[in-house]
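Structure data (mmCIF, C-alpha atoms, pLDDT in the B column; chains and numbers go by the auth columns) from entry37.cif:
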data_model
loop_
_atom_site.group_PDB
_atom_site.id
_atom_site.type_symbol
_atom_site.label_atom_id
_atom_site.label_comp_id
_atom_site.label_asym_id
_atom_site.label_seq_id
_atom_site.Cartn_x
_atom_site.Cartn_y
_atom_site.Cartn_z
_atom_site.B_iso_or_equiv
_atom_site.auth_seq_id
_atom_site.auth_asym_id
ATOM 1 C CA MET A 1 22.808 -0.712 7.984 86.00 135 A
ATOM 2 C CA LYS A 2 19.622 0.991 6.847 92.00 136 A
ATOM 3 C CA PRO A 3 19.515 4.776 7.105 95.00 137 A
ATOM 4 C CA ALA A 4 16.919 6.479 9.311 96.00 138 A
ATOM 5 C CA SER A 5 14.699 7.371 6.350 96.00 139 A
ATOM 6 C CA ILE A 6 14.430 3.749 5.240 96.00 140 A
ATOM 7 C CA ARG A 7 13.615 2.629 8.796 97.00 141 A
ATOM 8 C CA LYS A 8 10.864 5.268 8.913 97.00 142 A
ATOM 9 C CA PHE A 9 9.627 4.037 5.535 97.00 143 A
ATOM 10 C CA ASP A 10 9.498 0.506 6.949 97.00 144 A
ATOM 11 C CA TRP A 11 7.437 1.532 9.972 97.00 145 A
ATOM 12 C CA LEU A 12 5.019 3.741 8.055 96.00 146 A
ATOM 13 C CA TYR A 13 4.530 1.405 5.113 96.00 147 A
ATOM 14 C CA LEU A 14 4.183 -1.797 7.143 96.00 148 A
ATOM 15 C CA GLY A 15 1.976 0.139 9.577 95.00 149 A
ATOM 16 C CA SER A 16 -0.307 1.116 6.704 93.00 150 A
ATOM 17 C CA VAL A 17 -0.581 -2.558 5.696 94.00 151 A
ATOM 18 C CA ALA A 18 -1.427 -3.485 9.310 94.00 152 A
ATOM 19 C CA ILE A 19 -4.060 -0.732 9.518 92.00 153 A
ATOM 20 C CA GLY A 20 -5.534 -2.019 6.277 88.00 154 A
ATOM 21 C CA LEU A 21 -5.853 -5.507 7.761 90.00 155 A
ATOM 22 C CA LEU A 22 -7.407 -4.073 10.895 89.00 156 A
ATOM 23 C CA GLY A 23 -9.843 -2.085 8.773 85.00 157 A
ATOM 24 C CA VAL A 24 -10.871 -5.184 6.843 86.00 158 A
ATOM 25 C CA ALA A 25 -11.320 -7.104 10.100 88.00 159 A
ATOM 26 C CA LEU A 26 -13.431 -4.364 11.696 84.00 160 A
ATOM 27 C CA ASN A 27 -15.564 -3.816 8.593 82.00 161 A
ATOM 28 C CA TYR A 28 -15.644 -7.378 7.306 85.00 162 A
ATOM 29 C CA GLY A 29 -19.432 -7.713 7.425 85.00 163 A
ATOM 30 C CA ALA A 30 -20.067 -4.500 5.495 82.00 164 A
ATOM 31 C CA ILE A 31 -17.326 -5.180 2.958 81.00 165 A
ATOM 32 C CA ALA A 32 -18.470 -8.779 2.456 84.00 166 A
ATOM 33 C CA GLY A 33 -22.060 -7.623 1.979 84.00 167 A
ATOM 34 C CA LEU A 34 -21.040 -5.066 -0.640 81.00 168 A
ATOM 35 C CA THR A 35 -18.853 -7.615 -2.413 83.00 169 A
ATOM 36 C CA GLU A 36 -21.589 -10.253 -2.440 86.00 170 A
ATOM 37 C CA ALA A 37 -24.180 -7.750 -3.697 86.00 171 A
ATOM 38 C CA ASP A 38 -21.873 -6.518 -6.446 83.00 172 A
ATOM 39 C CA LEU A 39 -21.003 -10.029 -7.594 85.00 173 A
ATOM 40 C CA ALA A 40 -24.668 -11.112 -7.408 85.00 174 A
ATOM 41 C CA ARG A 41 -25.569 -8.312 -9.853 87.00 175 A
ATOM 42 C CA GLN A 42 -22.968 -9.767 -12.203 85.00 176 A
ATOM 43 C CA GLY A 43 -24.265 -13.333 -11.818 83.00 177 A
ATOM 44 C CA TYR A 44 -21.573 -14.638 -9.448 82.00 178 A
ATOM 45 C CA ALA A 45 -23.498 -14.647 -6.166 77.00 179 A
ATOM 46 C CA ASP A 46 -21.776 -17.722 -4.749 79.00 180 A
ATOM 47 C CA MET A 47 -18.258 -16.247 -5.049 80.00 181 A
ATOM 48 C CA GLY A 48 -18.579 -13.174 -2.788 76.00 182 A
ATOM 49 C CA VAL A 49 -16.613 -14.106 0.326 82.00 183 A
ATOM 50 C CA GLY A 50 -14.006 -16.076 -1.600 85.00 184 A
ATOM 51 C CA VAL A 51 -13.326 -13.160 -3.917 86.00 185 A
ATOM 52 C CA LEU A 52 -13.049 -10.806 -0.938 85.00 186 A
ATOM 53 C CA ILE A 53 -10.571 -13.021 0.898 90.00 187 A
ATOM 54 C CA ALA A 54 -8.553 -13.669 -2.262 91.00 188 A
ATOM 55 C CA GLY A 55 -8.466 -9.934 -2.989 90.00 189 A
ATOM 56 C CA VAL A 56 -7.267 -9.073 0.511 91.00 190 A
ATOM 57 C CA LEU A 57 -4.564 -11.759 0.389 94.00 191 A
ATOM 58 C CA PHE A 58 -3.471 -10.641 -3.083 95.00 192 A
ATOM 59 C CA GLY A 59 -3.262 -7.017 -1.926 92.00 193 A
ATOM 60 C CA ILE A 60 -1.187 -7.971 1.104 95.00 194 A
ATOM 61 C CA ALA A 61 1.125 -10.081 -1.052 96.00 195 A
ATOM 62 C CA ILE A 62 1.701 -7.163 -3.453 96.00 196 A
ATOM 63 C CA SER A 63 2.277 -4.733 -0.578 95.00 197 A
ATOM 64 C CA LEU A 64 4.779 -7.006 1.145 97.00 198 A
ATOM 65 C CA ALA A 65 6.539 -7.815 -2.133 97.00 199 A
ATOM 66 C CA LEU A 66 6.955 -4.097 -2.863 97.00 200 A
ATOM 67 C CA TRP A 67 8.235 -3.494 0.664 97.00 201 A
ATOM 68 C CA PHE A 68 10.711 -6.377 0.311 97.00 202 A
ATOM 69 C CA MET A 69 11.981 -5.155 -3.061 97.00 203 A
ATOM 70 C CA ILE A 70 12.404 -1.608 -1.755 96.00 204 A
ATOM 71 C CA SER A 71 13.647 -2.128 1.788 96.00 205 A
ATOM 72 C CA ILE A 72 15.603 -5.363 1.506 95.00 206 A
ATOM 73 C CA LEU A 73 16.660 -5.673 -2.144 95.00 207 A
ATOM 74 C CA ARG A 74 16.964 -1.881 -2.763 94.00 208 A
ATOM 75 C CA ILE A 75 15.306 -2.046 -6.178 94.00 209 A
ATOM 76 C CA GLY A 76 14.716 1.513 -7.332 91.00 210 A
ATOM 77 C CA LEU A 77 12.120 0.497 -9.918 94.00 211 A
ATOM 78 C CA ALA A 78 9.942 -0.906 -7.110 96.00 212 A
ATOM 79 C CA LYS A 79 10.086 2.512 -5.439 95.00 213 A
ATOM 80 C CA TRP A 80 8.644 4.091 -8.574 96.00 214 A
ATOM 81 C CA LEU A 81 6.026 1.369 -8.915 96.00 215 A
ATOM 82 C CA LEU A 82 4.915 2.155 -5.361 96.00 216 A
ATOM 83 C CA VAL A 83 4.691 5.848 -6.282 96.00 217 A
ATOM 84 C CA VAL A 84 2.451 5.044 -9.273 96.00 218 A
ATOM 85 C CA LEU A 85 0.205 2.666 -7.316 93.00 219 A
ATOM 86 C CA THR A 86 -0.136 5.155 -4.464 92.00 220 A
ATOM 87 C CA ALA A 87 -0.985 7.971 -6.883 92.00 221 A
ATOM 88 C CA TRP A 88 -3.696 5.730 -8.347 90.00 222 A
ATOM 89 C CA SER A 89 -4.976 5.031 -4.825 83.00 223 A
ATOM 90 C CA VAL A 90 -5.133 8.748 -4.041 82.00 224 A
ATOM 91 C CA VAL A 91 -7.132 9.432 -7.208 84.00 225 A
ATOM 92 C CA THR A 92 -9.560 6.552 -6.699 78.00 226 A
ATOM 93 C CA SER A 93 -10.023 7.400 -3.001 70.00 227 A
ATOM 94 C CA GLY A 94 -10.883 10.966 -3.950 68.00 228 A
ATOM 95 C CA VAL A 95 -13.394 9.792 -6.546 67.00 229 A
ATOM 96 C CA ALA A 96 -14.940 7.332 -4.076 63.00 230 A
ATOM 97 C CA ILE A 97 -15.368 10.019 -1.433 62.00 231 A
ATOM 98 C CA VAL A 98 -17.043 12.382 -3.883 63.00 232 A
ATOM 99 C CA THR A 99 -19.349 9.795 -5.472 62.00 233 A
ATOM 100 C CA ASN A 100 -20.526 7.476 -2.682 61.00 234 A
ATOM 101 C CA PHE A 101 -19.610 8.416 0.863 54.00 235 A
ATOM 102 C CA ASP A 102 -22.247 6.209 2.533 55.00 236 A
ATOM 103 C CA ALA A 103 -22.395 3.280 4.954 49.00 237 A
ATOM 104 C CA THR A 104 -18.809 2.391 4.200 57.00 238 A
ATOM 105 C CA MET A 105 -17.525 5.662 5.645 62.00 239 A
ATOM 106 C CA VAL A 106 -15.478 3.852 8.281 64.00 240 A
ATOM 107 C CA TRP A 107 -13.742 1.779 5.610 65.00 241 A
ATOM 108 C CA GLY A 108 -13.166 4.958 3.614 68.00 242 A
ATOM 109 C CA LEU A 109 -11.544 6.631 6.596 72.00 243 A
ATOM 110 C CA VAL A 110 -9.307 3.610 7.204 76.00 244 A
ATOM 111 C CA SER A 111 -8.352 3.666 3.533 76.00 245 A
ATOM 112 C CA THR A 112 -7.543 7.359 3.790 77.00 246 A
ATOM 113 C CA VAL A 113 -5.300 6.787 6.822 84.00 247 A
ATOM 114 C CA MET A 114 -3.525 3.992 4.930 86.00 248 A
ATOM 115 C CA THR A 115 -3.008 6.243 1.913 85.00 249 A
ATOM 116 C CA VAL A 116 -1.648 9.109 4.017 88.00 250 A
ATOM 117 C CA MET A 117 0.764 6.757 5.788 92.00 251 A
ATOM 118 C CA THR A 118 1.921 5.364 2.437 94.00 252 A
ATOM 119 C CA VAL A 119 2.451 8.862 1.015 93.00 253 A
ATOM 120 C CA LEU A 120 4.535 9.763 4.086 95.00 254 A
ATOM 121 C CA ALA A 121 6.480 6.504 3.719 96.00 255 A
ATOM 122 C CA ILE A 122 7.215 7.331 0.080 96.00 256 A
ATOM 123 C CA TRP A 123 8.413 10.787 1.098 97.00 257 A
ATOM 124 C CA PHE A 124 11.114 9.116 3.193 96.00 258 A
ATOM 125 C CA LEU A 125 12.288 7.120 0.156 96.00 259 A
ATOM 126 C CA PHE A 126 13.342 10.376 -1.525 96.00 260 A
ATOM 127 C CA GLN A 127 15.315 11.816 1.380 96.00 261 A
ATOM 128 C CA PRO A 128 19.075 12.313 0.827 96.00 262 A
ATOM 129 C CA ASP A 129 20.130 9.422 3.091 95.00 263 A
ATOM 130 C CA ALA A 130 17.705 7.035 1.356 95.00 264 A
ATOM 131 C CA THR A 131 18.798 8.182 -2.101 93.00 265 A
ATOM 132 C CA ALA A 132 22.427 7.578 -1.131 94.00 266 A
ATOM 133 C CA TRP A 133 21.494 4.166 0.277 94.00 267 A
ATOM 134 C CA PHE A 134 19.872 3.134 -3.022 92.00 268 A
ATOM 135 C CA ALA A 135 22.869 4.449 -4.988 90.00 269 A
ATOM 136 C CA GLU A 136 25.293 2.613 -2.681 88.00 270 A
ATOM 137 C CA LYS A 137 23.853 -0.738 -3.824 76.00 271 A
ATOM 138 C CA LYS A 138 24.669 0.194 -7.393 64.00 272 A
ATOM 139 C CA GLY A 139 28.236 1.076 -6.533 58.00 273 A
ATOM 140 C CA GLY A 140 27.580 4.814 -6.615 50.00 274 A
ATOM 141 C CA ASN A 141 27.889 5.111 -10.389 49.00 275 A
ATOM 142 C CA GLY A 142 24.687 3.303 -11.416 46.00 276 A
ATOM 143 C CA ALA A 143 26.366 -0.051 -12.176 46.00 277 A
ATOM 144 C CA GLU A 144 25.294 -3.154 -10.250 45.00 278 A
#
Mind converting the file's structure to structure tokens?
Amino acid sequence: MKPASIRKFDWLYLGSVAIGLLGVALNYGAIAGLTEADLARQGYADMGVGVLIAGVLFGIAISLALWFMISILRIGLAKWLLVVLTAWSVVTSGVAIVTNFDATMVWGLVSTVMTVMTVLAIWFLFQPDATAWFAEKKGGNGAE
């Protein structure tokens, strides 16, 4: 049975993914417009919406794969990969807020909520009961 910290991780992390989807749905027009404009400047005007949808699906797939590897398979390396990706997200969110806090403010706020939820979820992965749960899979001595 999963310890309380891992169950809290599940709720917070999967909740952050759900909030991300809700944010994309609520801001789809603005995000699609920015994506199309950016790709048009690069000469790929006809790919805007497809790239956006593919990017969202790819992001969800990575998020769910990380959750599965951490919460179901108990792979410690996936926990550290999530830490690195979240740290990168925190840095890039900070840079985005400082450089261009404009019409996409709502999306930025949704992204910030997602990041905070993910950071809290990660915190639960390093609680004593979660650490013991990960070690239990390895037989307690690090061997599979």
Problem set entry | Selection dump of the PyMOL selection byres ((chain A and resi 216) around 9), as an NGL selection string | :A and (197 or 200-201 or 211-215 or 217-221 or 252 or 256)
Explicit residue set for the PyMOL selection byres ((chain A and resi 259-261) around 12), as a PDB file with C-alpha atoms, in the coordinates of the input:
ATOM      1  CA  LYS A 136      19.622   0.991   6.847  1.00 92.00           C
ATOM      2  CA  PRO A 137      19.515   4.776   7.105  1.00 95.00           C
ATOM      3  CA  ALA A 138      16.919   6.479   9.311  1.00 96.00           C
ATOM      4  CA  SER A 139      14.699   7.371   6.350  1.00 96.00           C
ATOM      5  CA  ILE A 140      14.430   3.749   5.240  1.00 96.00           C
ATOM      6  CA  ARG A 141      13.615   2.629   8.796  1.00 97.00           C
ATOM      7  CA  LYS A 142      10.864   5.268   8.913  1.00 97.00           C
ATOM      8  CA  PHE A 143       9.627   4.037   5.535  1.00 97.00           C
ATOM      9  CA  ASP A 144       9.498   0.506   6.949  1.00 97.00           C
ATOM     10  CA  LEU A 146       5.019   3.741   8.055  1.00 96.00           C
ATOM     11  CA  TYR A 147       4.530   1.405   5.113  1.00 96.00           C
ATOM     12  CA  TRP A 201       8.235  -3.494   0.664  1.00 97.00           C
ATOM     13  CA  ILE A 204      12.404  -1.608  -1.755  1.00 96.00           C
ATOM     14  CA  SER A 205      13.647  -2.128   1.788  1.00 96.00           C
ATOM     15  CA  ARG A 208      16.964  -1.881  -2.763  1.00 94.00           C
ATOM     16  CA  ILE A 209      15.306  -2.046  -6.178  1.00 94.00           C
ATOM     17  CA  GLY A 210      14.716   1.513  -7.332  1.00 91.00           C
ATOM     18  CA  ALA A 212       9.942  -0.906  -7.110  1.00 96.00           C
ATOM     19  CA  LYS A 213      10.086   2.512  -5.439  1.00 95.00           C
ATOM     20  CA  TRP A 214       8.644   4.091  -8.574  1.00 96.00           C
ATOM     21  CA  LEU A 216       4.915   2.155  -5.361  1.00 96.00           C
ATOM     22  CA  VAL A 217       4.691   5.848  -6.282  1.00 96.00           C
ATOM     23  CA  THR A 252       1.921   5.364   2.437  1.00 94.00           C
ATOM     24  CA  VAL A 253       2.451   8.862   1.015  1.00 93.00           C
ATOM     25  CA  LEU A 254       4.535   9.763   4.086  1.00 95.00           C
ATOM     26  CA  ALA A 255       6.480   6.504   3.719  1.00 96.00           C
ATOM     27  CA  ILE A 256       7.215   7.331   0.080  1.00 96.00           C
ATOM     28  CA  TRP A 257       8.413  10.787   1.098  1.00 97.00           C
ATOM     29  CA  PHE A 258      11.114   9.116   3.193  1.00 96.00           C
ATOM     30  CA  PRO A 262      19.075  12.313   0.827  1.00 96.00           C
ATOM     31  CA  ASP A 263      20.130   9.422   3.091  1.00 95.00           C
ATOM     32  CA  ALA A 264      17.705   7.035   1.356  1.00 95.00           C
ATOM     33  CA  THR A 265      18.798   8.182  -2.101  1.00 93.00           C
ATOM     34  CA  ALA A 266      22.427   7.578  -1.131  1.00 94.00           C
ATOM     35  CA  TRP A 267      21.494   4.166   0.277  1.00 94.00           C
ATOM     36  CA  PHE A 268      19.872   3.134  -3.022  1.00 92.00           C
ATOM     37  CA  ALA A 269      22.869   4.449  -4.988  1.00 90.00           C
TER      38      ALA A 269
END
Give the padded box for region 135-145 of chain A as lines of an AutoDock Vina configuration file: axis-aligned, covering all atoms listed in the file, 8 Å on each side, centre and edge lengths in Å to one decimal.
center_x = 15.1
center_y = 3.3
center_z = 7.6
size_x = 31.4
size_y = 24.1
size_z = 20.7
For this session: Write out as a ChimeraX atom specification the residues lying within 7 Å of Gly182 (chain A), counting all atoms listed in the file and excluding same-chain residues fewer than 6 positions away.
Result: /A:166,169-170,173
Exercise. In Å, with one decimal, what is the gap from CA of Met203 (chain A) to CA of Lys271 (chain A)?
Worked result: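 One can read the CA of Met203 (chain A) to CA of Lys271 (chain A) distance as 12.7 Å.
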Problem set entry | Test item: residues at most 12 Å from region 151-155 of chain A, all atoms listed in the file, excluding those fewer than 2 positions along its chain, as an MDAnalysis selection string | chainID A and resid 144:149 157:162 187 189:191 193:201 240:252 255
Exercise. For the atom pair CA of Trp222 (chain A) and CA of Ser150 (chain A), what is the interatomic distance in Å to one decimal place?
Worked result: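 Value for the CA of Trp222 (chain A)-CA of Ser150 (chain A) distance: 16.1 Å.
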Seminar exercise, completed: One residue among A:Val185, A:Met135, A:Val225, A:Leu207 is nearest to Leu168 (chain A) when using all atoms listed in the file, and that residue is A:Val185
Problem set entry | Separation of CA of Ser223 (chain A) from CA of Val183 (chain A) in Å |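 For CA of Val183 (chain A) relative to CA of Ser223 (chain A), the distance reads 23.0 Å.
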Would you mind putting back N, CA and C atoms on region 163-186 of chain A, then writing it out as a PDB file, in the frame of the given file?
ATOM      1  N   GLY A 163     -18.026  -7.474   7.770  1.00 85.00           N
ATOM      2  CA  GLY A 163     -19.432  -7.713   7.425  1.00 85.00           C
ATOM      3  C   GLY A 163     -19.926  -6.777   6.335  1.00 85.00           C
ATOM      4  N   ALA A 164     -19.623  -5.480   6.486  1.00 82.00           N
ATOM      5  CA  ALA A 164     -20.067  -4.500   5.495  1.00 82.00           C
ATOM      6  C   ALA A 164     -19.378  -4.718   4.151  1.00 82.00           C
ATOM      7  N   ILE A 165     -18.077  -4.975   4.198  1.00 81.00           N
ATOM      8  CA  ILE A 165     -17.326  -5.180   2.958  1.00 81.00           C
ATOM      9  C   ILE A 165     -17.789  -6.456   2.259  1.00 81.00           C
ATOM     10  N   ALA A 166     -18.000  -7.515   3.038  1.00 84.00           N
ATOM     11  CA  ALA A 166     -18.470  -8.779   2.456  1.00 84.00           C
ATOM     12  C   ALA A 166     -19.850  -8.604   1.840  1.00 84.00           C
ATOM     13  N   GLY A 167     -20.726  -7.865   2.520  1.00 84.00           N
ATOM     14  CA  GLY A 167     -22.060  -7.623   1.979  1.00 84.00           C
ATOM     15  C   GLY A 167     -22.011  -6.864   0.667  1.00 84.00           C
ATOM     16  N   LEU A 168     -21.178  -5.827   0.604  1.00 81.00           N
ATOM     17  CA  LEU A 168     -21.040  -5.066  -0.640  1.00 81.00           C
ATOM     18  C   LEU A 168     -20.456  -5.921  -1.762  1.00 81.00           C
ATOM     19  N   THR A 169     -19.470  -6.745  -1.413  1.00 83.00           N
ATOM     20  CA  THR A 169     -18.853  -7.615  -2.413  1.00 83.00           C
ATOM     21  C   THR A 169     -19.856  -8.636  -2.935  1.00 83.00           C
ATOM     22  N   GLU A 170     -20.602  -9.263  -2.021  1.00 86.00           N
ATOM     23  CA  GLU A 170     -21.589 -10.253  -2.440  1.00 86.00           C
ATOM     24  C   GLU A 170     -22.675  -9.619  -3.303  1.00 86.00           C
ATOM     25  N   ALA A 171     -23.140  -8.422  -2.912  1.00 86.00           N
ATOM     26  CA  ALA A 171     -24.180  -7.750  -3.697  1.00 86.00           C
ATOM     27  C   ALA A 171     -23.668  -7.387  -5.086  1.00 86.00           C
ATOM     28  N   ASP A 172     -22.443  -6.899  -5.149  1.00 83.00           N
ATOM     29  CA  ASP A 172     -21.873  -6.518  -6.446  1.00 83.00           C
ATOM     30  C   ASP A 172     -21.697  -7.737  -7.348  1.00 83.00           C
ATOM     31  N   LEU A 173     -21.189  -8.816  -6.785  1.00 85.00           N
ATOM     32  CA  LEU A 173     -21.003 -10.029  -7.594  1.00 85.00           C
ATOM     33  C   LEU A 173     -22.335 -10.671  -7.959  1.00 85.00           C
ATOM     34  N   ALA A 174     -23.346 -10.562  -7.094  1.00 85.00           N
ATOM     35  CA  ALA A 174     -24.668 -11.112  -7.408  1.00 85.00           C
ATOM     36  C   ALA A 174     -25.272 -10.390  -8.607  1.00 85.00           C
ATOM     37  N   ARG A 175     -25.072  -9.068  -8.696  1.00 87.00           N
ATOM     38  CA  ARG A 175     -25.569  -8.312  -9.853  1.00 87.00           C
ATOM     39  C   ARG A 175     -24.908  -8.777 -11.141  1.00 87.00           C
ATOM     40  N   GLN A 176     -23.702  -9.310 -11.020  1.00 85.00           N
ATOM     41  CA  GLN A 176     -22.968  -9.767 -12.203  1.00 85.00           C
ATOM     42  C   GLN A 176     -23.181 -11.264 -12.469  1.00 85.00           C
ATOM     43  N   GLY A 177     -23.975 -11.916 -11.612  1.00 83.00           N
ATOM     44  CA  GLY A 177     -24.265 -13.333 -11.818  1.00 83.00           C
ATOM     45  C   GLY A 177     -23.306 -14.284 -11.123  1.00 83.00           C
ATOM     46  N   TYR A 178     -22.546 -13.796 -10.168  1.00 82.00           N
ATOM     47  CA  TYR A 178     -21.573 -14.638  -9.448  1.00 82.00           C
ATOM     48  C   TYR A 178     -21.845 -14.602  -7.950  1.00 82.00           C
ATOM     49  N   ALA A 179     -23.087 -14.796  -7.565  1.00 77.00           N
ATOM     50  CA  ALA A 179     -23.498 -14.647  -6.166  1.00 77.00           C
ATOM     51  C   ALA A 179     -22.747 -15.568  -5.212  1.00 77.00           C
ATOM     52  N   ASP A 180     -22.404 -16.752  -5.639  1.00 79.00           N
ATOM     53  CA  ASP A 180     -21.776 -17.722  -4.749  1.00 79.00           C
ATOM     54  C   ASP A 180     -20.278 -17.487  -4.531  1.00 79.00           C
ATOM     55  N   MET A 181     -19.707 -16.471  -5.135  1.00 80.00           N
ATOM     56  CA  MET A 181     -18.258 -16.247  -5.049  1.00 80.00           C
ATOM     57  C   MET A 181     -17.875 -15.083  -4.136  1.00 80.00           C
ATOM     58  N   GLY A 182     -18.828 -14.416  -3.511  1.00 76.00           N
ATOM     59  CA  GLY A 182     -18.579 -13.174  -2.788  1.00 76.00           C
ATOM     60  C   GLY A 182     -17.464 -13.214  -1.766  1.00 76.00           C
ATOM     61  N   VAL A 183     -17.594 -14.068  -0.754  1.00 82.00           N
ATOM     62  CA  VAL A 183     -16.613 -14.106   0.326  1.00 82.00           C
ATOM     63  C   VAL A 183     -15.254 -14.598  -0.170  1.00 82.00           C
ATOM     64  N   GLY A 184     -15.265 -15.567  -1.053  1.00 85.00           N
ATOM     65  CA  GLY A 184     -14.006 -16.076  -1.600  1.00 85.00           C
ATOM     66  C   GLY A 184     -13.243 -15.016  -2.371  1.00 85.00           C
ATOM     67  N   VAL A 185     -13.965 -14.241  -3.160  1.00 86.00           N
ATOM     68  CA  VAL A 185     -13.326 -13.160  -3.917  1.00 86.00           C
ATOM     69  C   VAL A 185     -12.760 -12.108  -2.971  1.00 86.00           C
ATOM     70  N   LEU A 186     -13.514 -11.785  -1.924  1.00 85.00           N
ATOM     71  CA  LEU A 186     -13.049 -10.806  -0.938  1.00 85.00           C
ATOM     72  C   LEU A 186     -11.762 -11.271  -0.268  1.00 85.00           C
TER      73      LEU A 186
END
